[in-house]
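Structure file input08.tsv (TSV, C-alpha atoms) follows.
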chain	number	residue	atom	x	y	z
A	5	MET	CA	-3.77	-0.65	-46.09
A	6	ARG	CA	-0.14	-0.93	-44.96
A	7	LYS	CA	0.01	2.84	-44.44
A	8	ARG	CA	-3.07	2.74	-42.22
A	9	LEU	CA	-1.56	-0.02	-40.13
A	10	LEU	CA	1.63	2.00	-39.67
A	11	TRP	CA	-0.37	5.05	-38.57
A	12	ALA	CA	-2.42	2.91	-36.18
A	13	ALA	CA	0.73	1.37	-34.68
A	14	ALA	CA	2.28	4.83	-34.28
A	15	GLY	CA	-0.88	6.11	-32.60
A	16	ILE	CA	-0.96	3.21	-30.16
A	17	GLY	CA	2.72	3.71	-29.38
A	18	LEU	CA	2.14	7.42	-28.72
A	19	LEU	CA	-0.77	6.67	-26.39
A	20	LEU	CA	1.35	4.19	-24.45
A	21	LEU	CA	4.12	6.76	-24.16
A	22	LEU	CA	1.71	9.46	-22.96
A	23	SER	CA	0.14	7.08	-20.43
A	24	GLY	CA	3.49	6.90	-18.66
A	25	CYS	CA	3.72	10.69	-18.25
A	26	ALA	CA	2.77	12.06	-14.84
A	27	PRO	CA	4.44	15.37	-13.92
A	28	GLU	CA	3.30	15.13	-10.29
A	29	ALA	CA	3.41	11.37	-9.76
A	30	THR	CA	3.17	10.50	-6.06
A	31	GLN	CA	4.11	6.83	-6.45
A	32	ASP	CA	7.42	7.00	-8.27
A	33	THR	CA	10.06	4.39	-7.49
A	34	LEU	CA	12.58	6.42	-9.50
A	35	GLN	CA	12.32	9.33	-7.06
A	36	PRO	CA	13.30	7.60	-3.78
A	37	GLN	CA	12.85	9.55	-0.56
A	38	GLY	CA	14.63	7.16	1.78
A	39	PRO	CA	17.74	4.95	1.90
A	40	TYR	CA	15.91	1.65	1.39
A	41	ALA	CA	14.08	2.92	-1.66
A	42	GLU	CA	17.42	4.28	-2.89
A	43	LYS	CA	18.95	0.80	-2.69
A	44	LEU	CA	16.19	-0.53	-4.92
A	45	LYS	CA	16.70	2.23	-7.46
A	46	ASP	CA	20.45	1.57	-7.47
A	47	LEU	CA	19.66	-2.04	-8.37
A	48	PHE	CA	16.93	-1.26	-10.87
A	49	ILE	CA	18.91	1.13	-13.09
A	50	PRO	CA	21.77	-1.25	-14.13
A	51	VAL	CA	19.41	-4.23	-14.44
A	52	PHE	CA	17.13	-2.12	-16.64
A	53	TRP	CA	19.95	-1.24	-19.03
A	54	VAL	CA	21.09	-4.88	-19.17
A	55	ALA	CA	17.52	-5.79	-20.12
A	56	VAL	CA	17.50	-3.05	-22.78
A	57	PHE	CA	20.76	-4.41	-24.22
A	58	VAL	CA	19.40	-7.97	-24.35
A	59	PHE	CA	16.17	-6.73	-25.93
A	60	ILE	CA	18.02	-4.82	-28.66
A	61	VAL	CA	20.33	-7.74	-29.44
A	62	VAL	CA	17.59	-10.38	-29.51
A	63	GLU	CA	14.86	-8.36	-31.22
A	64	GLY	CA	17.37	-6.73	-33.54
A	65	GLY	CA	18.61	-10.16	-34.55
A	66	ILE	CA	15.07	-11.34	-35.23
A	67	VAL	CA	14.30	-8.27	-37.37
A	68	TRP	CA	17.61	-8.62	-39.26
A	69	ILE	CA	16.99	-12.31	-39.98
A	70	ALA	CA	13.39	-11.62	-41.04
A	71	ILE	CA	14.56	-8.98	-43.53
A	72	ARG	CA	17.79	-10.66	-44.68
A	73	TYR	CA	16.21	-14.03	-45.37
A	74	ARG	CA	12.72	-12.95	-46.37
A	75	HIS	CA	11.11	-14.71	-49.30
A	76	ARG	CA	11.87	-13.19	-52.70
A	77	LYS	CA	10.70	-13.97	-56.18
A	78	GLY	CA	12.80	-16.63	-57.76
A	79	ARG	CA	14.04	-17.96	-54.42
A	80	GLU	CA	12.68	-21.46	-53.94
A	81	ARG	CA	15.14	-23.02	-51.50
A	82	ILE	CA	15.61	-22.21	-47.84
A	83	PRO	CA	18.80	-20.35	-46.76
A	84	ALA	CA	21.90	-22.34	-45.93
A	85	GLN	CA	21.55	-23.96	-42.51
A	86	VAL	CA	24.14	-24.08	-39.74
A	87	HIS	CA	24.46	-27.39	-37.87
A	88	GLY	CA	26.90	-28.47	-35.19
A	89	ASN	CA	28.87	-25.22	-34.84
A	90	THR	CA	30.60	-25.86	-31.52
A	91	ARG	CA	31.95	-22.34	-31.09
A	92	LEU	CA	28.55	-20.79	-31.75
A	93	GLU	CA	26.78	-23.10	-29.31
A	94	ILE	CA	29.39	-22.49	-26.59
A	95	GLY	CA	29.11	-18.74	-27.19
A	96	TRP	CA	25.37	-18.51	-26.89
A	97	THR	CA	25.47	-20.66	-23.76
A	98	ILE	CA	28.22	-18.75	-21.95
A	99	ALA	CA	27.06	-15.24	-22.89
A	100	PRO	CA	23.57	-15.51	-21.29
A	101	ALA	CA	25.11	-17.24	-18.24
A	102	LEU	CA	27.52	-14.32	-17.75
A	103	ILE	CA	24.72	-11.79	-18.17
A	104	LEU	CA	22.53	-13.61	-15.63
A	105	ALA	CA	25.44	-13.83	-13.20
A	106	GLY	CA	26.02	-10.10	-13.58
A	107	VAL	CA	22.38	-9.46	-12.68
A	108	MET	CA	22.18	-12.10	-9.95
A	109	VAL	CA	25.12	-10.96	-7.83
A	110	PRO	CA	23.90	-7.39	-7.09
A	111	THR	CA	20.31	-8.63	-6.80
A	112	VAL	CA	21.13	-11.21	-4.12
A	113	ALA	CA	23.37	-8.68	-2.34
A	114	THR	CA	20.50	-6.17	-2.23
A	115	ILE	CA	18.07	-8.82	-0.96
A	116	TRP	CA	20.45	-9.69	1.87
A	117	ASP	CA	21.01	-6.03	2.64
A	118	LEU	CA	17.29	-5.32	2.91
A	119	ALA	CA	16.75	-8.44	5.02
A	120	ARG	CA	19.20	-7.40	7.73
A	121	LYS	CA	17.98	-6.98	11.29
A	122	PRO	CA	16.93	-3.41	12.07
A	123	PRO	CA	19.01	-1.17	14.33
A	124	ASP	CA	18.21	-1.08	18.05
A	125	ASP	CA	16.46	2.29	17.81
A	126	ALA	CA	14.12	1.17	15.00
A	127	ILE	CA	10.39	1.72	15.53
A	128	ASN	CA	8.41	-1.52	15.34
A	129	VAL	CA	5.02	-1.43	13.67
A	130	THR	CA	2.70	-4.33	12.90
A	131	VAL	CA	0.80	-3.84	9.64
A	132	ARG	CA	-2.39	-5.79	9.03
A	133	GLY	CA	-4.05	-5.94	5.66
A	134	LEU	CA	-7.83	-6.27	5.67
A	135	GLN	CA	-10.50	-5.87	3.02
A	136	TRP	CA	-10.01	-3.06	2.16
A	137	TRP	CA	-7.96	-0.95	4.57
A	138	TRP	CA	-4.72	-1.04	6.54
A	139	ASP	CA	-4.34	-1.28	10.32
A	140	PHE	CA	-1.14	-0.12	12.06
A	141	GLU	CA	-0.13	-1.09	15.59
A	142	TYR	CA	2.94	0.45	17.24
A	143	THR	CA	4.32	-2.38	19.35
A	144	ASP	CA	7.29	-0.81	21.20
A	145	ASP	CA	6.99	-0.47	24.98
A	146	ASP	CA	7.19	3.32	24.82
A	147	MET	CA	4.24	3.41	22.39
A	148	ARG	CA	1.56	2.32	24.84
A	149	THR	CA	-1.50	4.33	25.74
A	150	SER	CA	-2.13	5.91	29.13
A	151	TYR	CA	-5.69	4.55	29.35
A	152	GLY	CA	-7.12	1.08	29.83
A	153	ASP	CA	-4.46	-1.60	30.19
A	154	GLY	CA	-1.86	0.38	28.28
A	155	ALA	CA	-2.60	-1.11	24.88
A	156	SER	CA	-0.43	-0.32	21.89
A	157	ILE	CA	-1.18	2.79	19.85
A	158	ARG	CA	-3.25	1.93	16.78
A	159	ALA	CA	-4.00	3.88	13.63
A	160	ALA	CA	-5.80	3.15	10.38
A	161	ASP	CA	-5.05	4.07	6.76
A	162	VAL	CA	-2.28	6.56	7.60
A	163	LEU	CA	1.05	5.34	9.00
A	164	VAL	CA	2.72	8.15	10.94
A	165	ILE	CA	6.51	7.94	11.33
A	166	PRO	CA	9.38	10.25	12.30
A	167	GLU	CA	11.93	11.41	9.72
A	168	ASP	CA	15.37	9.80	9.67
A	169	ARG	CA	14.31	6.83	11.81
A	170	VAL	CA	14.25	3.23	10.62
A	171	ILE	CA	10.78	1.69	10.72
A	172	TYR	CA	10.60	-2.10	10.98
A	173	LEU	CA	7.28	-3.30	9.61
A	174	SER	CA	5.87	-6.73	10.47
A	175	LEU	CA	3.26	-7.53	7.85
A	176	GLU	CA	0.37	-9.82	8.73
A	177	GLY	CA	-2.62	-10.92	6.72
A	178	ALA	CA	-5.98	-10.83	8.48
A	179	GLY	CA	-9.46	-12.07	7.71
A	180	GLY	CA	-11.54	-9.62	5.76
A	181	GLY	CA	-14.74	-10.22	7.71
A	182	ILE	CA	-15.96	-8.19	10.63
A	183	GLY	CA	-13.15	-8.06	13.13
A	184	GLY	CA	-10.53	-9.45	10.80
A	185	ASP	CA	-11.27	-12.88	12.20
A	186	ALA	CA	-8.28	-15.09	11.47
A	187	GLU	CA	-10.64	-18.04	11.17
A	188	ALA	CA	-12.81	-16.36	8.55
A	189	ARG	CA	-11.25	-18.41	5.77
A	190	ASP	CA	-13.65	-17.11	3.15
A	191	TYR	CA	-11.93	-13.76	3.47
A	192	MET	CA	-8.31	-14.89	3.70
A	193	VAL	CA	-6.59	-13.15	0.81
A	194	ILE	CA	-3.08	-11.93	0.02
A	195	HIS	CA	-2.38	-8.20	0.02
A	196	SER	CA	0.84	-6.41	-0.87
A	197	PHE	CA	2.09	-3.35	1.02
A	198	TRP	CA	3.87	-0.81	-1.19
A	199	ILE	CA	5.06	2.74	-0.56
A	200	PRO	CA	7.16	3.27	-3.73
A	201	GLU	CA	9.09	6.33	-2.54
A	202	LEU	CA	10.13	4.73	0.76
A	203	ALA	CA	10.49	0.96	0.29
A	204	GLY	CA	9.89	-1.99	-1.99
A	205	LYS	CA	6.67	-3.95	-2.01
A	206	GLN	CA	6.14	-6.91	0.28
A	207	ASP	CA	3.31	-9.45	0.29
A	208	VAL	CA	0.97	-9.61	3.27
A	209	VAL	CA	0.13	-13.30	3.56
A	210	PRO	CA	-2.40	-14.84	5.96
A	211	GLY	CA	-0.77	-17.25	8.40
A	212	ARG	CA	2.74	-15.83	8.20
A	213	THR	CA	4.65	-12.65	9.03
A	214	ASN	CA	6.81	-10.86	6.49
A	215	HIS	CA	9.07	-7.91	7.23
A	216	ILE	CA	10.20	-4.78	5.48
A	217	LEU	CA	12.42	-1.82	6.39
A	218	MET	CA	11.39	1.77	5.70
A	219	GLN	CA	12.80	5.23	6.32
A	220	ALA	CA	11.91	8.74	5.16
A	221	ASP	CA	14.71	11.25	4.70
A	222	HIS	CA	12.52	14.27	5.39
A	223	PRO	CA	8.98	15.18	6.52
A	224	GLY	CA	6.19	14.79	4.03
A	225	MET	CA	3.33	12.64	2.82
A	226	TYR	CA	4.02	9.51	0.78
A	227	GLU	CA	1.29	7.58	-1.00
A	228	GLY	CA	1.04	3.85	-1.60
A	229	GLN	CA	-1.43	1.09	-2.21
A	230	CYS	CA	-2.13	-2.60	-2.12
A	231	ALA	CA	-0.20	-4.11	-5.03
A	232	GLU	CA	-1.78	-7.58	-5.00
A	233	PHE	CA	-5.32	-8.19	-6.26
A	234	CYS	CA	-7.38	-8.82	-3.13
A	235	GLY	CA	-10.99	-8.57	-4.19
A	236	LEU	CA	-13.65	-6.21	-5.39
A	237	GLN	CA	-12.17	-2.99	-3.99
A	238	HIS	CA	-8.49	-3.81	-4.50
A	239	GLY	CA	-7.98	-0.64	-6.54
A	240	ARG	CA	-9.35	1.44	-3.66
A	241	MET	CA	-7.16	-0.05	-0.92
A	242	LEU	CA	-4.84	2.91	-0.65
A	243	VAL	CA	-2.46	3.95	2.11
A	244	ARG	CA	-0.47	6.98	3.16
A	245	VAL	CA	2.68	7.48	5.21
A	246	ARG	CA	3.05	10.80	7.02
A	247	ALA	CA	6.64	11.52	8.07
A	248	LEU	CA	7.03	14.12	10.82
A	249	ALA	CA	9.93	16.18	12.12
A	250	ALA	CA	11.32	14.96	15.45
A	251	GLU	CA	9.45	17.46	17.64
A	252	ASP	CA	6.17	16.91	15.76
A	253	TRP	CA	6.61	13.16	16.11
A	254	GLU	CA	7.01	13.45	19.88
A	255	ALA	CA	3.89	15.61	20.09
A	256	TRP	CA	1.96	13.10	17.95
A	257	VAL	CA	2.99	10.16	20.15
A	258	GLU	CA	2.03	12.04	23.30
A	259	ASN	CA	-1.38	12.86	21.87
A	260	GLN	CA	-1.96	9.29	20.69
A	261	LYS	CA	-1.31	8.03	24.21
A	262	GLN	CA	-4.16	10.12	25.59
A	263	ALA	CA	-7.78	9.05	25.78
A	264	SER	CA	-10.46	10.88	23.85
A	265	VAL	CA	-11.94	13.99	25.47
A	266	ALA	CA	-15.60	13.86	26.53
A	267	PRO	CA	-17.51	16.05	24.05
A	268	THR	CA	-20.41	18.42	24.61
A	269	GLY	CA	-23.51	19.47	22.72
A	270	LEU	CA	-24.34	17.62	19.50
A	271	ALA	CA	-21.07	15.66	19.72
A	272	ARG	CA	-22.21	14.34	23.11
A	273	GLU	CA	-25.38	13.04	21.49
A	274	GLY	CA	-23.22	11.37	18.88
A	275	MET	CA	-21.11	9.72	21.56
A	276	ASP	CA	-24.25	8.31	23.20
A	277	LEU	CA	-25.35	6.93	19.82
A	278	PHE	CA	-21.91	5.45	19.29
A	279	LEU	CA	-21.66	3.75	22.67
A	280	GLU	CA	-25.23	2.50	23.05
A	281	PRO	CA	-27.14	-0.02	20.92
A	282	LEU	CA	-29.10	1.69	18.17
A	283	SER	CA	-32.87	1.61	18.36
A	284	ASP	CA	-34.93	-1.15	16.76
A	285	GLY	CA	-32.09	-3.64	17.14
A	286	ARG	CA	-30.03	-2.12	14.31
A	287	GLY	CA	-26.72	-2.93	16.00
A	288	SER	CA	-24.00	-0.88	17.64
A	289	CYS	CA	-20.84	0.97	16.58
A	290	VAL	CA	-18.92	-0.52	19.51
A	291	THR	CA	-19.25	-3.99	18.00
A	292	CYS	CA	-16.30	-3.15	15.78
A	293	HIS	CA	-14.69	0.11	16.83
A	294	ALA	CA	-12.63	1.34	19.78
A	295	VAL	CA	-12.41	4.82	21.27
A	296	GLY	CA	-9.84	5.23	24.02
A	297	GLY	CA	-11.23	6.24	27.40
A	298	THR	CA	-14.71	4.82	26.69
A	299	ASP	CA	-16.32	1.41	26.89
A	300	ALA	CA	-15.68	0.94	23.15
A	301	THR	CA	-12.73	-1.43	22.94
A	302	ALA	CA	-13.46	-3.71	19.96
A	303	PRO	CA	-10.43	-4.22	17.68
A	304	ALA	CA	-12.49	-5.30	14.67
A	305	GLY	CA	-12.56	-2.04	12.73
A	306	PRO	CA	-10.37	1.06	12.69
A	307	ASP	CA	-9.54	2.57	16.07
A	308	LEU	CA	-11.33	5.94	16.16
A	309	THR	CA	-9.74	7.45	19.28
A	310	HIS	CA	-8.05	10.19	17.25
A	311	PHE	CA	-10.13	10.08	14.08
A	312	ALA	CA	-9.95	13.86	13.57
A	313	ASP	CA	-6.24	14.24	14.36
A	314	PRO	CA	-4.63	16.31	11.56
A	315	THR	CA	-2.38	13.38	10.60
A	316	HIS	CA	-5.39	11.11	10.02
A	317	GLU	CA	-5.94	12.63	6.62
A	318	CYS	CA	-8.15	9.96	5.06
A	319	PHE	CA	-10.50	7.11	5.94
A	320	ALA	CA	-12.10	3.95	4.54
A	321	GLY	CA	-9.00	2.76	2.73
A	322	CYS	CA	-7.78	6.34	2.16
A	323	ASN	CA	-10.41	6.91	-0.50
A	324	TRP	CA	-11.84	10.04	1.09
A	325	GLU	CA	-10.33	12.94	2.99
A	326	THR	CA	-11.27	12.94	6.66
A	327	SER	CA	-12.05	16.66	6.36
A	328	ASP	CA	-14.62	15.97	3.63
A	329	ARG	CA	-17.84	16.13	5.62
A	330	ASP	CA	-20.03	15.15	2.66
A	331	ALA	CA	-17.96	12.00	2.09
A	332	LEU	CA	-18.14	11.08	5.78
A	333	GLU	CA	-21.90	11.57	5.83
A	334	ALA	CA	-22.28	9.43	2.68
A	335	TRP	CA	-20.17	6.70	4.31
A	336	LEU	CA	-22.34	6.64	7.44
A	337	ARG	CA	-25.50	6.79	5.36
A	338	ASN	CA	-24.65	3.58	3.49
A	339	PRO	CA	-21.04	2.36	3.30
A	340	ASP	CA	-21.79	-0.24	0.64
A	341	ALA	CA	-23.23	2.41	-1.64
A	342	VAL	CA	-19.95	4.32	-1.81
A	343	LYS	CA	-17.57	1.36	-1.53
A	344	LEU	CA	-19.24	-1.76	-2.84
A	345	GLY	CA	-18.47	-4.80	-0.72
A	346	SER	CA	-17.62	-2.81	2.38
A	347	LYS	CA	-17.64	-4.90	5.53
A	348	MET	CA	-19.22	-2.06	7.54
A	349	PRO	CA	-23.00	-2.65	7.74
A	350	ASP	CA	-25.68	-0.17	6.77
A	351	TYR	CA	-27.33	0.80	10.06
A	352	HIS	CA	-30.08	2.81	8.32
A	353	LEU	CA	-29.16	5.94	10.25
A	354	SER	CA	-31.43	8.96	10.16
A	355	GLU	CA	-30.02	12.31	9.06
A	356	ASP	CA	-30.15	13.56	12.65
A	357	GLU	CA	-28.19	10.52	13.80
A	358	ILE	CA	-25.63	11.07	11.06
A	359	ASP	CA	-25.20	14.72	12.07
A	360	ALA	CA	-24.62	13.70	15.68
A	361	LEU	CA	-22.14	10.96	14.80
A	362	VAL	CA	-20.20	13.25	12.47
A	363	ALA	CA	-19.98	15.85	15.23
A	364	TYR	CA	-18.66	13.18	17.60
A	365	LEU	CA	-16.10	11.87	15.13
A	366	TYR	CA	-14.81	15.37	14.47
A	367	SER	CA	-14.39	15.89	18.22
A	368	LEU	CA	-11.96	12.96	18.41
A	369	LYS	CA	-8.64	14.77	18.04

Spit out the file's structure as structure tokens when you get a sec.
Amino acid sequence: MRKRLLWAAAGIGLLLLLSGCAPEATQDTLQPQGPYAEKLKDLFIPVFWVAVFVFIVVEGGIVWIAIRYRHRKGRERIPAQVHGNTRLEIGWTIAPALILAGVMVPTVATIWDLARKPPDDAINVTVRGLQWWWDFEYTDDDMRTSYGDGASIRAADVLVIPEDRVIYLSLEGAGGGIGGDAEARDYMVIHSFWIPELAGKQDVVPGRTNHILMQADHPGMYEGQCAEFCGLQHGRMLVRVRALAAEDWEAWVENQKQASVAPTGLAREGMDLFLEPLSDGRGSCVTCHAVGGTDATAPAGPDLTHFADPTHECFAGCNWETSDRDALEAWLRNPDAVKLGSKMPDYHLSEDEIDALVAYLYSLK
């Protein structure tokens, strides 16, 4: 029986070890790709080894005592007890205090360092967490669109940034109902924004604004997710950061400032469906979505002005690739069927309507 238990314990330990192996992990805090993530790693490593030392001392002491003073045949009295040893009591009071102080000092210093005001050339982005997707609004004066009243550039699910530039994120919680209504208290939940390779995690709390600094050392795609349970689809509230080279960033900004181009053919039919109320009183896409240069200006759902831009790689909480036509069609057919609890209604679209809307969405570059 004891042998079986040992084999079972070894098997469980091996499974736990294997579960931590990921040769191509995309969310690895130990492989920082920016200076702020590097600061966190520099703090984590020494604190980790301090914790390992404490674990070995404490658990090793427990195991030693359990073996040394275990019950044996013929032993009827308890081991000799130690009472009132002043030196021992002072030692085990001072030692933990010194260890905690050694951990506290660099921890507080790192917290202060990460909480510093951003440099003057930092890019300011407001991040809003909804159920279950992320909304990004670029709030600097030079990030305003050329159409309408010059509103700020908005993007959903994919945060696009330049390399080697500090990004100052202002994190705001929003209602999870249609439009992210701040008064929709039934939907007010806490999210947590986390891009492990670029920055630490920070809670997104309704009613307050938290901040976090981020920077990517080189172009690339960095994955993240909501790290705070926020409801039914918490595990599918993903996010990506796309870092661009300087010239690509400038081209991206210039494109984002432009209104959508009027489509032709089937895409034109899709635009008409999008902008006008659907037949039989089924509702309208413009109730929630905006498309720059059209009458669609609602801020409730993701801004679709540049839905098919190459940097907008995923949609609906980054669960599906934008280029995946089958996934997009399934989403329009019945959002709740592919992402249970989705706040986007089922408009009971016909297949012809879906084809037209897909053509329109893919024309928005």

- Message: Just want the 9 Å neighbourhood of Ala247 of chain A, counted on only C-alpha atoms, with same-chain residues fewer than 3 positions away dropped. Output as a ChimeraX atom specification.
- Response: /A:163-167,219-226,253

- Message: Env of Ala271 of chain A: 8 Å cut, atoms = only C-alpha atoms, seq-sep filter 4 positions within chain, self excluded. Answer as a list in words.
- Response: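 My list of contacting residues is Pro267, Met275, Ala360, Leu361, Val362, Ala363, Tyr364, Leu365 and Ser367 of chain A.
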
- Message: Between A:Pro200, A:Gly15, A:Gly133, A:Gly154, which residue has the minimum interatomic distance to Ala41 of chain A, considering all atoms listed in the file?
- Response: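 Selected residue with least distance to Ala41 of chain A: A:Pro200.
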
- Of the candidates A:Ala334, A:Val290, A:Cys234, A:Leu202, which one gets nearest to Glu355 of chain A if we count only C-alpha atoms? A:Ala334

- Message: List as a PyMOL selection string the residues having at least one atom at most 7 Å from position (-2.1, 7.5, 18.0) as given in the file, counting all atoms listed in the file.
- Response: chain A and resi 157-159+256-257+259-261+310

- Message: Given all atoms listed in the file as the basis, pick out the residue of A:Ala341, A:Cys322, A:Ala312, A:Cys289 nearest to Val243 of chain A.
- Response: A:Cys322

- Task: Could you tell me how far atom CA of Asp276 of chain A lies from atom CA of Asn338 of chain A, in Å and to one decimal?
- Result: 20.3 Å

Identify, on the basis of only C-alpha atoms, every residue whose closest approach to Tyr40 of chain A does not exceed 8 Å; exclude the query and any residue fewer than 5 positions from it along the same chain; express the result as a tab-separated table (two decimals) with C-alpha atoms, in the frame of the given file.
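Final output, saved to selection_14.tsv:
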chain	number	residue	atom	x	y	z
A	118	LEU	CA	17.29	-5.32	2.91
A	202	LEU	CA	10.13	4.73	0.76
A	203	ALA	CA	10.49	0.96	0.29
A	204	GLY	CA	9.89	-1.99	-1.99
A	217	LEU	CA	12.42	-1.82	6.39
A	218	MET	CA	11.39	1.77	5.70
A	219	GLN	CA	12.80	5.23	6.32

- Task: Please work out which residues fall within 9 Å of (0.5, -5.1, -5.9), coordinates as given in the file, with only C-alpha atoms counting, and return them as an NGL selection string.
- Result: :A and (195-198 or 205-207 or 229-233)

How would the residues just picked look written out with C-alpha atoms as a compact mmCIF listing (two decimals), in the frame of the given file?
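selection-v5.txt written:
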# COMPACT_ATOMS: atom_id res chain seq x y z
CA HIS A 195 -2.38 -8.20 0.02
CA SER A 196 0.84 -6.41 -0.87
CA PHE A 197 2.09 -3.35 1.02
CA TRP A 198 3.87 -0.81 -1.19
CA LYS A 205 6.67 -3.95 -2.01
CA GLN A 206 6.14 -6.91 0.28
CA ASP A 207 3.31 -9.45 0.29
CA GLN A 229 -1.43 1.09 -2.21
CA CYS A 230 -2.13 -2.60 -2.12
CA ALA A 231 -0.20 -4.11 -5.03
CA GLU A 232 -1.78 -7.58 -5.00
CA PHE A 233 -5.32 -8.19 -6.26

- In Å, rounded to a single decimal, give me how far atom CA of Met241 of chain A is from atom CA of Ala155 of chain A. 26.2 Å

- Note on the structure: Closest of A:Arg8, A:Thr97, A:Tyr366, A:Thr111 to Asp46 of chain A, counting all atoms listed in the file, is A:Thr111

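For the pair atom CA of Leu236 of chain A and atom CA of Pro349 of chain A, the interatomic distance is 16.5 Å.
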
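Of the listed residues (A:Thr309, A:Gln237, A:Ser327, A:Ser288), A:Gln237 comes nearest to Leu134 of chain A; the distances count only C-alpha atoms.
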
Can you report as AutoDock Vina command-line options the centre and edge lengths in Å, to one decimal, of an axis-aligned box around the listed atoms of segment 136-147 of chain A padded with 5 Å on each side?
--center_x -1.4 --center_y 0.2 --center_z 13.6 --size_x 27.3 --size_y 16.5 --size_z 32.8

- Which of these, A:Arg286, A:Ala160, A:Asp340, A:Leu173, has the shortest distance to Glu317 of chain A once you count all atoms listed in the file?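 Nearest to Glu317 of chain A: A:Ala160.
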